[in-house]
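Undergrad: The structure follows.
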Amino acid sequence: MNSLAPRLETLHATRPVTVLGAAVIDVIADAYALPWRGCDIELKQQSVNIGGCALNIAIALKRLGIASQNALPVGHGVWADIIRNAMAKQDLQSAVEAESGDNGWCLALVEPDGERTFMSFSGVENQWQPAWLEALNVPANSLVYLSGYQLASPCGELLTGWLEGLQDVSAFIDFGPRIADIPDALMARVMACKPIVSLNRQEAQIAAERLGVTVEMLGACWQQRFHAALIVRHDKDGAMWYDGADSGHVPAFPATVVDTIGAGDSHAGGTLAGLAAGWRLADAVRLGNAVAAWVVSHRGGDCAPTREALLLAHKDV
């Protein structure tokens, strides 16, 4: 029997959460195929959405009833104005205001099977400054989310140094597709902080190659090397988790895939919500699976469900 609905009744924050990363614009278009060199393909625009890994997670936490400190630089310009107005409508605030510069944007091409490909343009979200970090209040026992997009950018050294200086916190990192771009020395420093790491199946393959092991051995090797929890997401095949000597598989929830934009972010948001409520890792990953299943069944990455919607969807299972 699926135990999600009873667990959702206990979804109340017992730990502070800080979400640090990007708020950007997603310009989403349908593509019958990815373009090849020298071609000219016709796109069908779907929508213009607010997005960015950290903003998608902040939205998911908010809708699940989990408060978070959102450190999402918002600048000044066309894209920043759209982001600021959209965040205000969702009662979301950012603790970071950039003095100048616009936010970045992303062209997301969605193929007929729902797979998405991103082409990103950076803005103030990758121009972190020491003063922004110094202004953040991160209490002991906090959960702190970071994205590989920022860690792989020129501000990665600054953010890693800030993380190293925090006391008694648990970092949660989704390296995303930029995992291959993070230098070995910086990766070693990040992993010395013993973060909970979430990877999809492609990123797990890259991580295994970096460690010189097969992907089947990644979980065990990760525990031996880093002594830190690892989540590997396998889409419709659920997710594996590894934490010390313990590990397990959490089945996926059924979903009709519309697009996969924000799937990883929403999974992180659901998992963070569970961890903030003091749930064990397996239960938190189950919530992540449920939120991700909802998001891939809807357009865009900023469509996370409310706790009430999840309760309704899972009351009979």
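Letters A, B, ... go to the chains of the structure tokens in the order shown; residues in each chain start at 1; ligands are counted from 1 in the same order.
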Write out as a list in words which residues come within 8 Å of Val250 of chain A when counting only C-alpha atoms, dropping same-chain ones fewer than 5 positions away.
TA: Gly238, Ala239, Met240, Trp241, Ala282, Val285 and Arg286 of chain A
Undergrad: Could you write those residues out with all heavy atoms, as a PDB file, in the first residue's frame?
TA:
ATOM      1  N   GLY A 238      11.696   5.004 -11.153  1.00  0.00           N
ATOM      2  CA  GLY A 238      11.846   5.357  -9.752  1.00  0.00           C
ATOM      3  C   GLY A 238      13.209   5.937  -9.427  1.00  0.00           C
ATOM      4  O   GLY A 238      13.887   6.499 -10.286  1.00  0.00           O
ATOM      5  N   ALA A 239      13.628   5.803  -8.192  1.00  0.00           N
ATOM      6  CA  ALA A 239      14.898   6.381  -7.737  1.00  0.00           C
ATOM      7  C   ALA A 239      15.575   5.443  -6.748  1.00  0.00           C
ATOM      8  O   ALA A 239      14.912   4.773  -5.955  1.00  0.00           O
ATOM      9  CB  ALA A 239      14.664   7.745  -7.086  1.00  0.00           C
ATOM     10  N   MET A 240      16.896   5.421  -6.796  1.00  0.00           N
ATOM     11  CA  MET A 240      17.706   4.705  -5.822  1.00  0.00           C
ATOM     12  C   MET A 240      18.280   5.721  -4.835  1.00  0.00           C
ATOM     13  O   MET A 240      18.571   6.857  -5.194  1.00  0.00           O
ATOM     14  CB  MET A 240      18.840   3.958  -6.507  1.00  0.00           C
ATOM     15  CG  MET A 240      18.409   2.797  -7.375  1.00  0.00           C
ATOM     16  SD  MET A 240      17.687   1.419  -6.449  1.00  0.00           S
ATOM     17  CE  MET A 240      19.042   0.998  -5.335  1.00  0.00           C
ATOM     18  N   TRP A 241      18.434   5.304  -3.592  1.00  0.00           N
ATOM     19  CA  TRP A 241      19.097   6.152  -2.614  1.00  0.00           C
ATOM     20  C   TRP A 241      20.134   5.334  -1.857  1.00  0.00           C
ATOM     21  O   TRP A 241      19.993   4.125  -1.676  1.00  0.00           O
ATOM     22  CB  TRP A 241      18.098   6.784  -1.640  1.00  0.00           C
ATOM     23  CG  TRP A 241      17.305   5.791  -0.853  1.00  0.00           C
ATOM     24  CD1 TRP A 241      16.122   5.215  -1.190  1.00  0.00           C
ATOM     25  CD2 TRP A 241      17.653   5.238   0.443  1.00  0.00           C
ATOM     26  NE1 TRP A 241      15.703   4.332  -0.222  1.00  0.00           N
ATOM     27  CE2 TRP A 241      16.611   4.324   0.791  1.00  0.00           C
ATOM     28  CE3 TRP A 241      18.724   5.417   1.304  1.00  0.00           C
ATOM     29  CZ2 TRP A 241      16.635   3.609   1.989  1.00  0.00           C
ATOM     30  CZ3 TRP A 241      18.750   4.707   2.499  1.00  0.00           C
ATOM     31  CH2 TRP A 241      17.720   3.821   2.829  1.00  0.00           C
ATOM     32  N   ALA A 282      14.349   7.872   2.559  1.00  0.00           N
ATOM     33  CA  ALA A 282      13.501   7.100   1.642  1.00  0.00           C
ATOM     34  C   ALA A 282      12.127   7.743   1.485  1.00  0.00           C
ATOM     35  O   ALA A 282      11.583   7.816   0.370  1.00  0.00           O
ATOM     36  CB  ALA A 282      13.367   5.661   2.137  1.00  0.00           C
ATOM     37  N   VAL A 285      12.441  10.941  -0.594  1.00  0.00           N
ATOM     38  CA  VAL A 285      12.589  10.630  -2.020  1.00  0.00           C
ATOM     39  C   VAL A 285      11.244  10.223  -2.619  1.00  0.00           C
ATOM     40  O   VAL A 285      10.927  10.568  -3.759  1.00  0.00           O
ATOM     41  CB  VAL A 285      13.645   9.523  -2.223  1.00  0.00           C
ATOM     42  CG1 VAL A 285      13.653   9.035  -3.672  1.00  0.00           C
ATOM     43  CG2 VAL A 285      15.029  10.046  -1.844  1.00  0.00           C
ATOM     44  N   ARG A 286      10.429   9.518  -1.858  1.00  0.00           N
ATOM     45  CA  ARG A 286       9.081   9.157  -2.337  1.00  0.00           C
ATOM     46  C   ARG A 286       8.274  10.415  -2.646  1.00  0.00           C
ATOM     47  O   ARG A 286       7.575  10.486  -3.673  1.00  0.00           O
ATOM     48  CB  ARG A 286       8.361   8.302  -1.301  1.00  0.00           C
ATOM     49  CG  ARG A 286       6.973   7.869  -1.752  1.00  0.00           C
ATOM     50  CD  ARG A 286       6.291   7.013  -0.691  1.00  0.00           C
ATOM     51  NE  ARG A 286       7.012   5.764  -0.495  1.00  0.00           N
ATOM     52  CZ  ARG A 286       6.830   4.678  -1.246  1.00  0.00           C
ATOM     53  NH1 ARG A 286       5.970   4.716  -2.247  1.00  0.00           N
ATOM     54  NH2 ARG A 286       7.506   3.576  -1.004  1.00  0.00           N
TER      55      ARG A 286
END
Undergrad: If we count only C-alpha atoms and set the cut-off at 8 Å, which residues sit around Gly51 of chain A, ignoring sequence neighbours fewer than 2 positions away in its own chain? Please answer as a PyMOL selection string.
TA: chain A and resi 23-26+49+53+55-56+301-302
Undergrad: The selected residues should be written to file as a JSON list (two decimals), in the first residue's frame (atoms: all heavy atoms).
TA:
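The result, stored in out19.json:
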[["chain", "number", "residue", "atom", "x", "y", "z"],
["A", 23, "ALA", "N", 17.00, 32.38, -10.70],
["A", 23, "ALA", "CA", 15.67, 32.65, -11.22],
["A", 23, "ALA", "C", 15.88, 33.18, -12.63],
["A", 23, "ALA", "O", 16.56, 34.20, -12.82],
["A", 23, "ALA", "CB", 14.94, 33.68, -10.36],
["A", 24, "VAL", "N", 15.33, 32.50, -13.61],
["A", 24, "VAL", "CA", 15.51, 32.88, -15.01],
["A", 24, "VAL", "C", 14.18, 32.76, -15.74],
["A", 24, "VAL", "O", 13.16, 32.41, -15.15],
["A", 24, "VAL", "CB", 16.57, 32.00, -15.71],
["A", 24, "VAL", "CG1", 17.93, 32.15, -15.03],
["A", 24, "VAL", "CG2", 16.16, 30.54, -15.73],
["A", 25, "ILE", "N", 14.21, 33.05, -17.01],
["A", 25, "ILE", "CA", 13.03, 32.90, -17.87],
["A", 25, "ILE", "C", 13.23, 31.70, -18.78],
["A", 25, "ILE", "O", 14.30, 31.52, -19.36],
["A", 25, "ILE", "CB", 12.81, 34.17, -18.73],
["A", 25, "ILE", "CG1", 12.43, 35.36, -17.84],
["A", 25, "ILE", "CG2", 11.74, 33.93, -19.79],
["A", 25, "ILE", "CD1", 11.08, 35.22, -17.16],
["A", 26, "ASP", "N", 12.19, 30.86, -18.87],
["A", 26, "ASP", "CA", 12.19, 29.74, -19.81],
["A", 26, "ASP", "C", 11.29, 30.07, -20.99],
["A", 26, "ASP", "O", 10.07, 30.26, -20.80],
["A", 26, "ASP", "CB", 11.67, 28.46, -19.14],
["A", 26, "ASP", "CG", 12.65, 27.88, -18.13],
["A", 26, "ASP", "OD1", 13.87, 28.14, -18.25],
["A", 26, "ASP", "OD2", 12.20, 27.16, -17.22],
["A", 49, "ASN", "N", 7.79, 31.07, -19.39],
["A", 49, "ASN", "CA", 7.58, 30.77, -17.97],
["A", 49, "ASN", "C", 8.75, 31.29, -17.15],
["A", 49, "ASN", "O", 9.86, 31.41, -17.64],
["A", 49, "ASN", "CB", 7.49, 29.25, -17.73],
["A", 49, "ASN", "CG", 6.27, 28.62, -18.37],
["A", 49, "ASN", "OD1", 5.91, 28.95, -19.49],
["A", 49, "ASN", "ND2", 5.64, 27.70, -17.67],
["A", 53, "CYS", "N", 16.55, 26.48, -11.70],
["A", 53, "CYS", "CA", 16.47, 25.37, -10.74],
["A", 53, "CYS", "C", 16.01, 25.82, -9.37],
["A", 53, "CYS", "O", 15.08, 25.24, -8.79],
["A", 53, "CYS", "CB", 17.84, 24.69, -10.64],
["A", 53, "CYS", "SG", 18.42, 23.94, -12.17],
["A", 55, "LEU", "N", 14.49, 28.61, -8.40],
["A", 55, "LEU", "CA", 13.13, 29.17, -8.36],
["A", 55, "LEU", "C", 12.09, 28.06, -8.45],
["A", 55, "LEU", "O", 11.08, 28.09, -7.74],
["A", 55, "LEU", "CB", 12.93, 30.18, -9.48],
["A", 55, "LEU", "CG", 11.55, 30.84, -9.54],
["A", 55, "LEU", "CD1", 11.16, 31.45, -8.21],
["A", 55, "LEU", "CD2", 11.52, 31.91, -10.65],
["A", 56, "ASN", "N", 12.31, 27.07, -9.29],
["A", 56, "ASN", "CA", 11.38, 25.93, -9.35],
["A", 56, "ASN", "C", 11.27, 25.25, -7.99],
["A", 56, "ASN", "O", 10.19, 24.83, -7.57],
["A", 56, "ASN", "CB", 11.83, 24.93, -10.40],
["A", 56, "ASN", "CG", 11.63, 25.44, -11.82],
["A", 56, "ASN", "OD1", 10.81, 26.32, -12.07],
["A", 56, "ASN", "ND2", 12.36, 24.86, -12.76],
["A", 301, "GLY", "N", 8.13, 24.11, -15.93],
["A", 301, "GLY", "CA", 8.77, 23.60, -14.73],
["A", 301, "GLY", "C", 8.31, 24.26, -13.45],
["A", 301, "GLY", "O", 8.73, 23.87, -12.36],
["A", 302, "ASP", "N", 7.41, 25.27, -13.57],
["A", 302, "ASP", "CA", 6.99, 26.03, -12.39],
["A", 302, "ASP", "C", 5.57, 25.64, -11.97],
["A", 302, "ASP", "O", 4.82, 26.47, -11.46],
["A", 302, "ASP", "CB", 7.06, 27.53, -12.69],
["A", 302, "ASP", "CG", 6.20, 27.95, -13.88],
["A", 302, "ASP", "OD1", 5.75, 27.05, -14.62],
["A", 302, "ASP", "OD2", 5.98, 29.16, -14.05]]
Undergrad: My list of candidates is A:Ala220, A:Leu109, A:Val27, A:Leu199. Which is closest to Glu42 of chain A when distances are computed with only C-alpha atoms?
TA: A:Leu109
Undergrad: Fewer than 2 positions away in the same chain doesn't count, so skip those; otherwise give me all residues within 10 Å of segment 230-236 of chain A, counting only C-alpha atoms, as a ChimeraX atom specification.
TA: /A:172-174,195-204,218-220,222-223,226-228,238-244,247-255,257,260,263-264,267-268,271,281-282,285,288-289,292-293
Undergrad: Using atom CA of Leu159 of chain A and atom CA of Val190 of chain A as the two end points, give the distance in Å to one decimal.
TA: 9.6 Å
Undergrad: From the set A:Gly270, A:Gly176, A:Gly65, A:Gly104, which residue has the shortest atom-to-atom contact distance to Asp81 of chain A, counting only C-alpha atoms?
TA: A:Gly104
Undergrad: If DSSP is run on the backbone, what residues of segment 191-247 of chain A are alpha helix (DSSP H)? A reply as a VMD selection string would be ideal.
TA: chain A and resid 191 to 192 201 to 211 218 to 226
Undergrad: Taking only C-alpha atoms into account, name the residue in A:Ala86, A:Cys106, A:Ala131, A:Ala273 that is nearest to Ile57 of chain A.
TA: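 Answer, going by the shortest atom-to-atom distance: A:Ala273.
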